[in-house]
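**Q** See final_4.txt below, with compact mmCIF, C-alpha atoms.
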```
# COMPACT_ATOMS: atom_id res chain seq x y z
CA MET A 1 15.88 23.77 45.26
CA ASN A 2 18.04 24.28 42.22
CA TYR A 3 18.05 27.58 40.42
CA PRO A 4 16.70 27.23 36.86
CA SER A 5 20.01 27.84 35.12
CA LYS A 6 18.25 28.07 31.76
CA ILE A 7 17.14 31.59 32.67
CA LEU A 8 20.69 32.81 33.32
CA PRO A 9 22.75 34.68 30.69
CA ASN A 10 24.77 32.29 28.57
CA PRO A 11 27.78 32.67 26.26
CA ILE A 12 25.67 31.39 23.38
CA TYR A 13 22.89 33.95 23.91
CA LYS A 14 22.43 37.25 22.10
CA LEU A 15 20.14 40.23 22.57
CA ILE A 16 16.64 39.51 21.37
CA SER A 17 15.55 41.76 18.55
CA CYS A 18 12.91 39.74 16.71
CA ASP A 19 9.21 40.56 16.57
CA LEU A 20 7.68 39.73 19.95
CA SER A 21 4.14 40.94 19.30
CA ASP A 22 2.59 37.58 20.10
CA CYS A 23 4.64 37.04 23.26
CA TYR A 24 3.68 37.81 26.83
CA LEU A 25 5.46 39.68 29.58
CA ILE A 26 5.02 38.47 33.15
CA ARG A 27 5.47 40.26 36.47
CA PHE A 28 5.01 39.00 40.01
CA THR A 29 2.35 40.21 42.42
CA HIS A 30 2.57 40.02 46.20
CA SER A 31 -0.37 37.65 46.42
CA LYS A 32 -1.52 34.73 44.33
CA LYS A 33 -5.12 34.87 45.55
CA ARG A 34 -7.26 35.95 42.64
CA GLU A 35 -9.59 37.95 44.88
CA ASP A 36 -6.60 39.94 46.16
CA ILE A 37 -5.15 40.89 42.81
CA PHE A 38 -8.08 41.02 40.41
CA ASP A 39 -11.18 43.21 40.40
CA GLU A 40 -13.89 41.01 38.89
CA GLU A 41 -16.36 43.83 38.42
CA LEU A 42 -13.90 45.91 36.43
CA ASN A 43 -12.31 42.82 34.91
CA GLN A 44 -8.83 44.14 35.55
CA VAL A 45 -5.79 43.82 37.81
CA LYS A 46 -5.99 45.94 40.95
CA GLN A 47 -3.70 48.95 40.83
CA ILE A 48 -1.88 48.10 44.02
CA HIS A 49 -0.62 44.88 42.39
CA ILE A 50 0.56 46.40 39.13
CA CYS A 51 3.72 47.64 40.73
CA ASP A 52 5.17 47.41 44.24
CA PRO A 53 6.36 50.53 46.08
CA SER A 54 9.99 49.98 45.14
CA GLY A 55 9.12 49.54 41.46
CA ASN A 56 9.33 52.33 38.97
CA MET A 57 6.30 52.63 36.74
CA ASN A 58 8.33 54.58 34.18
CA ASP A 59 10.83 51.77 33.73
CA LEU A 60 8.99 48.63 34.79
CA SER A 61 10.72 45.26 35.14
CA THR A 62 9.10 42.18 33.63
CA SER A 63 10.19 38.85 32.15
CA LEU A 64 9.41 37.29 28.79
CA LEU A 65 7.17 34.27 29.26
CA GLY A 66 8.49 31.18 27.51
CA VAL A 67 11.78 29.74 28.74
CA PHE A 68 10.99 31.86 31.78
CA GLU A 69 8.01 29.92 33.14
CA THR A 70 5.27 31.11 35.49
CA PRO A 71 6.66 29.28 38.60
CA PHE A 72 9.89 31.29 38.26
CA ILE A 73 8.15 34.47 39.41
CA GLN A 74 8.42 33.01 42.92
CA ILE A 75 12.20 33.33 42.84
CA GLU A 76 13.11 36.06 45.29
CA LEU A 77 16.69 37.24 45.55
CA SER A 78 18.09 37.59 49.06
CA GLN A 79 19.96 40.75 50.02
CA LEU A 80 23.20 38.96 49.21
CA GLY A 81 21.71 37.71 45.96
CA LYS A 82 20.69 41.23 45.00
CA GLU A 83 24.21 42.48 45.63
CA SER A 84 25.58 39.81 43.31
CA TYR A 85 22.91 39.35 40.66
CA ASN A 86 20.52 42.30 40.51
CA PHE A 87 22.43 44.16 37.79
CA PRO A 88 22.02 44.58 34.05
CA CYS A 89 24.54 42.68 31.99
CA ASP A 90 25.43 41.50 28.51
CA PRO A 91 23.34 38.54 27.35
CA ASP A 92 26.37 36.30 26.80
CA ILE A 93 28.28 36.46 30.06
CA SER A 94 29.08 33.36 32.10
CA ILE A 95 27.54 33.51 35.51
CA GLU A 96 27.66 31.31 38.59
CA VAL A 97 24.38 29.63 39.39
CA PRO A 98 22.68 31.30 42.41
CA VAL A 99 22.51 29.14 45.52
CA PHE A 100 19.24 28.42 47.33
CA GLN A 101 18.91 30.13 50.71
CA LYS A 102 22.14 32.07 50.17
CA ASP A 103 21.27 33.97 46.99
CA PHE A 104 17.58 33.29 46.59
CA THR A 105 14.50 31.80 48.19
CA ILE A 106 11.11 30.77 46.88
CA ASN A 107 8.26 33.07 47.84
CA GLU A 108 5.20 30.87 47.44
CA SER A 109 2.74 33.65 48.14
CA ARG A 110 3.62 35.39 44.89
CA GLY A 111 1.20 35.46 41.97
CA PHE A 112 1.54 37.19 38.62
CA TRP A 113 -0.03 39.21 35.87
CA VAL A 114 0.76 38.86 32.18
CA ILE A 115 0.36 41.23 29.27
CA LEU A 116 0.50 40.65 25.53
CA ILE A 117 3.35 42.71 24.12
CA ASN A 118 1.27 43.72 21.14
CA ASP A 119 -1.20 45.44 23.46
CA ILE A 120 1.33 47.93 24.80
CA ASN A 121 4.43 48.03 22.59
CA GLU A 122 4.70 51.21 20.51
CA THR A 123 1.62 52.66 22.22
CA THR A 124 1.78 56.40 21.73
CA VAL A 125 0.80 58.79 24.46
CA ASP A 126 -0.57 62.04 23.22
CA TYR A 127 -1.42 64.55 25.95
CA THR A 128 -3.23 67.81 25.93
CA LYS A 129 -2.31 69.84 28.97
CA GLY A 130 -5.28 71.73 30.35
CA GLY A 131 -5.28 75.47 29.94
CA ILE A 132 -2.01 75.49 28.05
CA ASP A 133 -1.73 74.88 24.35
CA THR A 134 1.05 72.34 24.62
CA LYS A 135 1.23 68.73 23.52
CA PHE A 136 3.29 65.99 25.02
CA LYS A 137 4.14 62.78 23.22
CA ALA A 138 5.79 59.57 24.34
CA THR A 139 5.96 56.02 23.03
CA CYS A 140 5.98 52.81 25.06
CA ILE A 141 8.89 50.57 24.10
CA ILE A 142 9.54 47.02 25.25
CA GLN A 143 13.28 46.48 25.59
CA HIS A 144 15.30 43.34 26.26
CA THR A 145 17.40 44.20 29.32
CA PRO A 146 19.16 41.02 30.55
CA MET A 147 20.05 40.88 34.24
CA LYS A 148 22.67 38.70 35.88
CA TRP A 149 19.91 36.63 37.50
CA ASN A 150 17.60 36.56 34.48
CA TYR A 151 18.46 36.70 30.79
CA TRP A 152 14.72 36.96 30.03
CA HIS A 153 14.35 40.26 31.81
CA PHE A 154 12.51 42.94 29.80
CA SER A 155 11.74 46.56 30.61
CA ILE A 156 8.65 48.56 29.74
CA ARG A 157 10.15 51.95 28.95
CA TRP A 158 9.11 55.30 27.48
CA ARG A 159 10.71 57.15 24.61
CA THR A 160 9.94 60.87 24.75
CA GLU A 161 10.76 63.65 22.33
CA GLU A 162 13.79 64.40 24.52
CA GLY A 163 15.04 60.80 24.61
CA PHE A 164 14.32 57.70 26.67
CA TRP A 165 12.82 58.70 30.00
CA HIS A 166 15.29 56.65 32.03
CA THR A 167 18.23 58.46 30.41
CA LEU A 168 16.99 61.99 31.12
CA ASN A 169 18.27 64.21 33.90
CA ASP A 170 16.28 64.61 37.11
CA ASN A 171 14.60 67.84 36.05
CA GLN A 172 13.47 66.43 32.72
CA LYS A 173 12.32 63.22 34.42
CA LYS A 174 10.31 65.07 37.03
CA LYS A 175 8.36 66.97 34.38
CA MET A 176 6.93 63.88 32.76
CA SER A 177 7.19 61.31 35.52
CA LYS A 178 3.57 61.51 36.67
CA ARG A 179 2.15 61.26 33.17
CA LEU A 180 4.25 58.31 32.12
CA ALA A 181 3.66 56.48 35.37
CA HIS A 182 -0.05 57.05 34.94
CA GLU A 183 0.04 55.88 31.35
CA ALA A 184 1.88 52.70 32.30
CA ARG A 185 -0.64 51.97 35.04
CA ALA A 186 -3.60 52.60 32.76
CA ASN A 187 -2.27 50.46 29.91
CA ILE A 188 -1.40 47.56 32.18
CA ALA A 189 -4.73 47.78 34.00
CA LYS A 190 -6.54 47.74 30.68
CA PHE A 191 -4.78 44.75 29.16
CA ALA A 192 -3.14 42.66 31.91
CA LYS A 193 -4.56 39.23 32.82
CA VAL A 194 -3.95 37.00 35.80
CA GLU A 195 -4.52 33.68 34.04
CA GLU A 196 -1.65 31.78 32.46
CA PRO A 197 -2.05 32.34 28.73
CA ASN A 198 -1.31 29.97 25.88
CA TYR A 199 2.13 31.04 24.84
CA SER A 200 4.67 29.84 22.36
CA GLN A 201 8.44 29.48 22.68
CA LEU A 202 10.84 31.60 20.69
CA ASN A 203 12.92 29.85 18.08
CA HIS A 204 16.45 29.15 19.26
CA SER A 205 17.77 31.35 16.50
CA ASP A 206 15.88 34.28 18.00
CA TYR A 207 18.06 34.29 21.12
CA CYS A 208 21.06 32.05 20.35
CA LYS A 209 24.10 33.08 18.36
CA LEU A 210 24.51 31.22 15.12
CA MET B 1 -31.93 59.63 67.14
CA PRO B 2 -33.80 62.30 65.18
CA THR B 3 -35.72 61.44 62.08
CA PRO B 4 -34.13 62.58 58.83
CA ALA B 5 -36.75 65.29 58.40
CA ALA B 6 -36.25 66.54 61.91
CA HIS B 7 -32.54 66.62 61.45
CA ILE B 8 -32.75 68.68 58.30
CA ASN B 9 -34.33 71.38 60.42
CA GLU B 10 -31.38 71.27 62.76
CA PHE B 11 -29.06 72.90 60.24
CA ASN B 12 -27.39 75.95 61.59
CA THR B 13 -29.16 78.95 60.11
CA HIS B 14 -25.81 80.56 59.35
CA GLN B 15 -24.70 77.58 57.36
CA GLN B 16 -24.15 78.35 53.68
CA ILE B 17 -25.56 75.59 51.59
CA VAL B 18 -25.57 75.18 47.85
CA TRP B 19 -27.92 72.62 46.37
CA SER B 20 -27.25 71.70 42.81
CA LEU B 21 -29.81 69.62 41.02
CA LYS B 22 -28.85 67.21 38.32
CA GLU B 23 -31.14 66.02 35.60
CA ASN B 24 -29.76 62.52 35.74
CA ASN B 25 -30.60 62.12 39.41
CA ILE B 26 -34.32 62.26 38.75
CA GLY B 27 -35.83 59.08 40.10
CA SER B 28 -32.56 57.94 41.59
CA GLY B 29 -33.63 58.70 45.14
CA SER B 30 -31.09 61.47 45.38
CA THR B 31 -32.15 65.04 45.07
CA GLY B 32 -28.71 66.26 44.26
CA LEU B 33 -25.31 67.17 45.52
CA LEU B 34 -25.01 69.22 48.63
CA LEU B 35 -22.01 71.44 48.94
CA ASP B 36 -21.69 72.33 52.58
CA ASN B 37 -19.40 75.27 53.14
CA PHE B 38 -19.84 75.20 56.87
CA SER B 39 -18.74 71.66 57.41
CA LYS B 40 -15.79 71.20 59.72
CA GLU B 41 -14.00 69.23 57.04
CA GLY B 42 -15.26 71.43 54.26
CA VAL B 43 -16.09 68.42 52.18
CA VAL B 44 -18.52 67.90 49.38
CA PHE B 45 -21.05 65.27 50.32
CA PHE B 46 -24.44 64.01 49.40
CA HIS B 47 -27.55 65.22 51.12
CA SER B 48 -28.18 61.99 52.93
CA MET B 49 -24.84 62.30 54.71
CA GLN B 50 -25.79 65.30 56.77
CA PRO B 51 -23.26 66.97 59.02
CA GLY B 52 -22.80 65.55 62.44
CA PHE B 53 -24.48 62.21 62.10
CA ASN B 54 -22.87 60.46 59.18
CA GLU B 55 -22.13 57.24 60.98
CA ASN B 56 -25.26 57.20 63.14
CA TYR B 57 -27.45 57.26 60.12
CA PHE B 58 -25.55 54.65 58.19
CA GLY B 59 -27.95 51.76 58.27
CA THR B 60 -30.93 53.80 59.28
CA PHE B 61 -31.33 55.12 55.76
CA ASN B 62 -30.09 51.93 54.27
CA SER B 63 -31.99 50.86 51.15
CA VAL B 64 -34.77 53.34 51.83
CA LEU B 65 -33.56 56.87 51.40
CA ILE B 66 -29.93 56.54 50.37
CA SER B 67 -29.53 56.48 46.61
CA ASN B 68 -27.06 54.20 44.91
CA SER B 69 -24.72 57.13 44.36
CA ASP B 70 -24.91 58.08 48.00
CA ARG B 71 -24.25 54.52 49.08
CA LYS B 72 -21.29 54.21 46.75
CA PHE B 73 -19.95 57.50 48.06
CA ILE B 74 -20.21 56.33 51.66
CA ASN B 75 -18.64 52.97 50.88
CA PHE B 76 -15.77 54.60 49.01
CA LYS B 77 -15.17 56.96 51.92
CA LYS B 78 -14.91 53.98 54.24
CA SER B 79 -12.61 52.20 51.82
CA PHE B 80 -10.49 55.33 51.51
CA LYS B 81 -10.08 55.53 55.29
CA LYS B 82 -8.90 51.92 55.42
CA GLN B 83 -6.53 52.34 52.49
CA PHE B 84 -5.16 55.62 53.83
CA GLU B 85 -4.42 54.07 57.21
CA SER B 86 -2.38 51.31 55.62
CA MET B 87 -0.64 53.57 53.10
CA SER B 88 -0.24 56.84 55.01
CA VAL B 89 3.53 56.54 54.69
CA TYR B 90 3.15 57.29 50.97
CA PHE B 91 1.03 60.38 51.67
CA SER B 92 3.56 62.34 53.68
CA GLY B 93 2.70 65.99 54.19
CA LEU B 94 -1.03 65.34 54.08
CA THR B 95 -3.27 64.61 57.04
CA PHE B 96 -6.17 62.19 56.65
CA GLU B 97 -8.60 65.11 56.79
CA GLU B 98 -6.80 66.98 54.01
CA ALA B 99 -6.60 63.90 51.80
CA ASN B 100 -10.21 63.04 52.60
CA GLU B 101 -11.33 66.49 51.47
CA LYS B 102 -9.51 66.10 48.17
CA LEU B 103 -11.01 62.65 47.71
CA SER B 104 -14.50 63.99 48.35
CA PHE B 105 -14.22 66.44 45.53
CA SER B 106 -12.85 64.10 42.86
CA LEU B 107 -15.03 61.15 43.93
CA GLY B 108 -18.19 63.25 44.12
CA SER B 109 -17.52 64.67 40.67
CA LEU B 110 -16.91 61.24 39.15
CA LEU B 111 -19.99 59.68 40.75
CA ASN B 112 -21.97 62.50 39.22
CA THR B 113 -21.16 61.11 35.78
CA ASN B 114 -23.32 58.09 36.66
CA PRO B 115 -20.68 55.51 35.76
CA ASP B 116 -21.63 51.92 34.98
CA VAL B 117 -18.71 50.77 37.16
CA ILE B 118 -16.24 52.77 39.21
CA SER B 119 -13.32 51.79 41.42
CA MET B 120 -11.04 53.83 43.65
CA GLU B 121 -7.57 52.83 44.83
CA LEU B 122 -4.71 54.68 46.45
CA THR B 123 -1.29 54.31 44.86
CA HIS B 124 2.24 54.54 46.20
CA GLU B 125 2.60 57.71 44.14
CA LYS B 126 0.54 59.85 46.54
CA SER B 127 -2.48 59.67 44.32
CA ILE B 128 -6.00 58.34 44.03
CA PHE B 129 -6.51 56.14 40.99
CA TYR B 130 -10.02 55.81 39.64
CA THR B 131 -11.25 53.48 36.94
CA VAL B 132 -14.56 54.50 35.46
CA LYS B 133 -16.49 52.48 32.90
CA LYS B 134 -19.41 53.92 31.05
CA LYS B 135 -20.88 52.83 27.74
CA ASP B 136 -17.95 51.73 25.54
CA TYR B 137 -15.50 53.91 27.41
CA THR B 138 -12.95 53.07 30.06
CA PHE B 139 -11.46 56.07 31.86
CA PHE B 140 -8.41 55.91 34.07
CA ILE B 141 -8.18 59.00 36.23
CA GLN B 142 -5.27 59.63 38.57
CA HIS B 143 -5.68 62.44 41.07
CA PHE B 144 -2.25 63.43 42.44
CA LEU B 145 -2.58 64.95 45.89
CA ASN B 146 -0.30 67.89 46.44
CA GLU B 147 0.26 69.24 49.90
CA ILE B 148 -1.91 72.14 51.01
CA GLY B 149 -0.23 75.37 49.91
CA GLU B 150 1.57 73.73 47.02
CA GLU B 151 0.44 74.13 43.44
CA GLU B 152 -2.98 72.85 42.41
CA ASP B 153 -3.48 69.07 42.31
CA GLU B 154 -2.73 67.55 38.92
CA THR B 155 -5.18 65.06 37.47
CA ILE B 156 -4.47 62.84 34.48
CA LEU B 157 -7.03 61.16 32.31
CA THR B 158 -6.43 58.22 29.97
CA ILE B 159 -9.30 57.13 27.76
CA PHE B 160 -10.07 53.92 25.91
CA LYS B 161 -13.03 53.41 23.64
CA GLY B 162 -13.27 49.64 23.49
CA ASP B 163 -9.61 48.64 23.20
CA ASN B 164 -8.68 51.75 21.25
CA LYS B 165 -6.71 54.37 23.06
CA LEU B 166 -7.79 57.99 22.66
CA PRO B 167 -5.63 61.06 23.39
CA SER B 168 -4.94 61.59 27.08
CA TYR B 169 -5.44 64.73 29.08
CA ALA B 170 -3.61 66.35 31.98
CA GLY B 171 -4.73 69.35 33.94
CA SER B 172 -6.31 70.52 37.16
CA LEU B 173 -9.03 68.39 38.68
CA LEU B 174 -11.71 70.78 37.46
CA GLN B 175 -10.33 70.84 33.92
CA THR B 176 -10.02 67.08 33.77
CA ILE B 177 -13.49 66.38 35.12
CA SER B 178 -14.86 68.90 32.67
CA GLU B 179 -13.03 67.16 29.81
CA LEU B 180 -14.40 63.80 30.90
CA ASN B 181 -17.87 65.21 31.09
CA ILE B 182 -17.69 66.70 27.61
CA LEU B 183 -17.00 63.20 26.29
CA LEU B 184 -19.81 61.58 28.24
CA GLU B 185 -22.52 64.17 28.37
CA PRO B 186 -21.83 67.21 26.24
CA ALA B 187 -24.87 69.03 27.59
CA SER B 188 -24.34 68.10 31.22
CA THR B 189 -24.69 70.59 33.99
CA LEU B 190 -21.64 69.30 35.84
CA LYS B 191 -19.37 72.09 34.69
CA LEU B 192 -21.90 74.58 35.91
CA GLU B 193 -22.05 72.79 39.25
CA LEU B 194 -18.31 72.96 39.64
CA GLU B 195 -18.31 76.63 38.78
CA ILE B 196 -21.01 77.24 41.36
CA HIS B 197 -18.92 75.41 43.89
CA GLU B 198 -15.88 77.51 43.04
CA LEU B 199 -17.88 80.70 43.47
CA SER B 200 -19.24 79.58 46.80
CA VAL B 201 -15.88 78.88 48.45
```
Could you take the file, read its structure, and then write that structure out as structure tokens?
**A**
Amino acid sequence: MNYPSKILPNPIYKLISCDLSDCYLIRFTHSKKREDIFDEELNQVKQIHICDPSGNMNDLSTSLLGVFETPFIQIELSQLGKESYNFPCDPDISIEVPVFQKDFTINESRGFWVILINDINETTVDYTKGGIDTKFKATCIIQHTPMKWNYWHFSIRWRTEEGFWHTLNDNQKKKMSKRLAHEARANIAKFAKVEEPNYSQLNHSDYCKL
Amino acid sequence: MPTPAAHINEFNTHQQIVWSLKENNIGSGSTGLLLDNFSKEGVVFFHSMQPGFNENYFGTFNSVLISNSDRKFINFKKSFKKQFESMSVYFSGLTFEEANEKLSFSLGSLLNTNPDVISMELTHEKSIFYTVKKKDYTFFIQHFLNEIGEEEDETILTIFKGDNKLPSYAGSLLQTISELNILLEPASTLKLELEIHELSV
């Protein structure tokens, strides 16, 4: 099995900064059986499949659907692969293509959920805290965060009045961690789908240097 | 096995029981919420789940005396047990009984809102995540379970009306349920019920 090299960073690539409202983010689930991952009565993704235990709801990893196709969510980095490739990087670095079995395997049991960026990007959280006359505000931001294994890696992050959540110190993080994690869960549960949507490809000029 | 009526008479005379009637239970088959302060687990439960014979009566009352709310409550309790067993590693510092007691209170309160649809799932964040749909509203309620002796459990409420997001709310479980209830049924007696429960413990 060859690694899809088109999803790796590339010297001709740049950071994506165009409007992505009509694009979809995709994230893997640990099962591809619809009855496992989707609650038909509620018409929404089951909570347990929104994020795995090692994931961080406040800074959630996804990929931009397009060049990154739905079958690619079955790529699973090995421990060695993680040590070599599971790091953020510049979009235009040259990188060796991961090797099957050594750096990655295919996990065929994986499914996915997708979410339209427009449904969550710039969503503002406005909290009233019970019993105390304080307000808390945060905004959901979708950021392009290329990784060595995947140029199309995007993060669902939160900008608070004190800065981006992931850049805060531990004390500041702890204060708002539960609320932001909850908000991420709720927004994804509300809008995520488990069917492959009709999606369009970005123009080359949106991610390639001129 | 005693008949339900016979068993009601078997209540310990020293047992302190608070019955709280709800308008919206009229005709539902349920006469209300029983708060049993003598129960070993100290849990809130519905009258058809009487102390000491919960499991024995499951099936006996089936479809005859158990209201939909009661049945949902029982099914959620079973689901909770299963989920807790498989995820107990994420609920360190809490025994099943302690977590079960916390669940009983939040679940009972939410079922009292007569939701159109409700789901309950445990998360890896030591919390119970409820989704409640009623009318045009979707409510996401996350009940974070603190260890006994720690500060009061925090509960967070996110609200959508259709696809439009409304301001969220964070507070104690009582405050959050009260907030939810104000949205759904401004004149509801739920708040009063909760206050009665607080006074009785």
**Q** Just want the 12 Å neighbourhood of Lys102 (chain B), counted on all atoms listed in the file, with same-chain residues fewer than 2 positions away dropped. Output as a PyMOL selection string.
**A** chain B and resi 41-45+77+80+94-100+104-109+126-128+143-148+152-155+173-174
**Q** Please determine the contact residues of chain A with respect to chain B at a cut-off of 10 Å, counting all atoms listed in the file, and supply them as a ChimeraX atom specification.
**A** /A:39,41-42,44,46-55,57,119,123-132,135-137,178-179,181-183,185-187,189-191
**Q** Can I get the selection written as a PDB file, in the frame of the given file, with C-alpha atoms?
**A**
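The resulting result.pdb:
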```pdb
ATOM      1  CA  ASP A  39     -11.180  43.210  40.400  1.00  0.00           C
ATOM      2  CA  GLU A  41     -16.360  43.830  38.420  1.00  0.00           C
ATOM      3  CA  LEU A  42     -13.900  45.910  36.430  1.00  0.00           C
ATOM      4  CA  GLN A  44      -8.830  44.140  35.550  1.00  0.00           C
ATOM      5  CA  LYS A  46      -5.990  45.940  40.950  1.00  0.00           C
ATOM      6  CA  GLN A  47      -3.700  48.950  40.830  1.00  0.00           C
ATOM      7  CA  ILE A  48      -1.880  48.100  44.020  1.00  0.00           C
ATOM      8  CA  HIS A  49      -0.620  44.880  42.390  1.00  0.00           C
ATOM      9  CA  ILE A  50       0.560  46.400  39.130  1.00  0.00           C
ATOM     10  CA  CYS A  51       3.720  47.640  40.730  1.00  0.00           C
ATOM     11  CA  ASP A  52       5.170  47.410  44.240  1.00  0.00           C
ATOM     12  CA  PRO A  53       6.360  50.530  46.080  1.00  0.00           C
ATOM     13  CA  SER A  54       9.990  49.980  45.140  1.00  0.00           C
ATOM     14  CA  GLY A  55       9.120  49.540  41.460  1.00  0.00           C
ATOM     15  CA  MET A  57       6.300  52.630  36.740  1.00  0.00           C
ATOM     16  CA  ASP A 119      -1.200  45.440  23.460  1.00  0.00           C
ATOM     17  CA  THR A 123       1.620  52.660  22.220  1.00  0.00           C
ATOM     18  CA  THR A 124       1.780  56.400  21.730  1.00  0.00           C
ATOM     19  CA  VAL A 125       0.800  58.790  24.460  1.00  0.00           C
ATOM     20  CA  ASP A 126      -0.570  62.040  23.220  1.00  0.00           C
ATOM     21  CA  TYR A 127      -1.420  64.550  25.950  1.00  0.00           C
ATOM     22  CA  THR A 128      -3.230  67.810  25.930  1.00  0.00           C
ATOM     23  CA  LYS A 129      -2.310  69.840  28.970  1.00  0.00           C
ATOM     24  CA  GLY A 130      -5.280  71.730  30.350  1.00  0.00           C
ATOM     25  CA  GLY A 131      -5.280  75.470  29.940  1.00  0.00           C
ATOM     26  CA  ILE A 132      -2.010  75.490  28.050  1.00  0.00           C
ATOM     27  CA  LYS A 135       1.230  68.730  23.520  1.00  0.00           C
ATOM     28  CA  PHE A 136       3.290  65.990  25.020  1.00  0.00           C
ATOM     29  CA  LYS A 137       4.140  62.780  23.220  1.00  0.00           C
ATOM     30  CA  LYS A 178       3.570  61.510  36.670  1.00  0.00           C
ATOM     31  CA  ARG A 179       2.150  61.260  33.170  1.00  0.00           C
ATOM     32  CA  ALA A 181       3.660  56.480  35.370  1.00  0.00           C
ATOM     33  CA  HIS A 182      -0.050  57.050  34.940  1.00  0.00           C
ATOM     34  CA  GLU A 183       0.040  55.880  31.350  1.00  0.00           C
ATOM     35  CA  ARG A 185      -0.640  51.970  35.040  1.00  0.00           C
ATOM     36  CA  ALA A 186      -3.600  52.600  32.760  1.00  0.00           C
ATOM     37  CA  ASN A 187      -2.270  50.460  29.910  1.00  0.00           C
ATOM     38  CA  ALA A 189      -4.730  47.780  34.000  1.00  0.00           C
ATOM     39  CA  LYS A 190      -6.540  47.740  30.680  1.00  0.00           C
ATOM     40  CA  PHE A 191      -4.780  44.750  29.160  1.00  0.00           C
TER      41      PHE A 191
END
```
**Q** One number please: CA of Lys82 (chain A) to CA of Cys208 (chain A), in Å, one decimal.
**A** 26.3 Å
**Q** Check the smallest atom-to-atom distance from each of B:Ser178, B:Ile74, B:Asn164, B:Asn114 to Lys135 (chain B) using all atoms listed in the file, then report the winner.
**A**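 Selected residue with least distance to Lys135 (chain B): B:Asn114.
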**Q** What's the separation between CA of Pro11 (chain A) and CA of Tyr207 (chain A), in Å to one decimal place?
**A**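 Computed distance, CA of Pro11 (chain A) to CA of Tyr207 (chain A), equals 11.1 Å.
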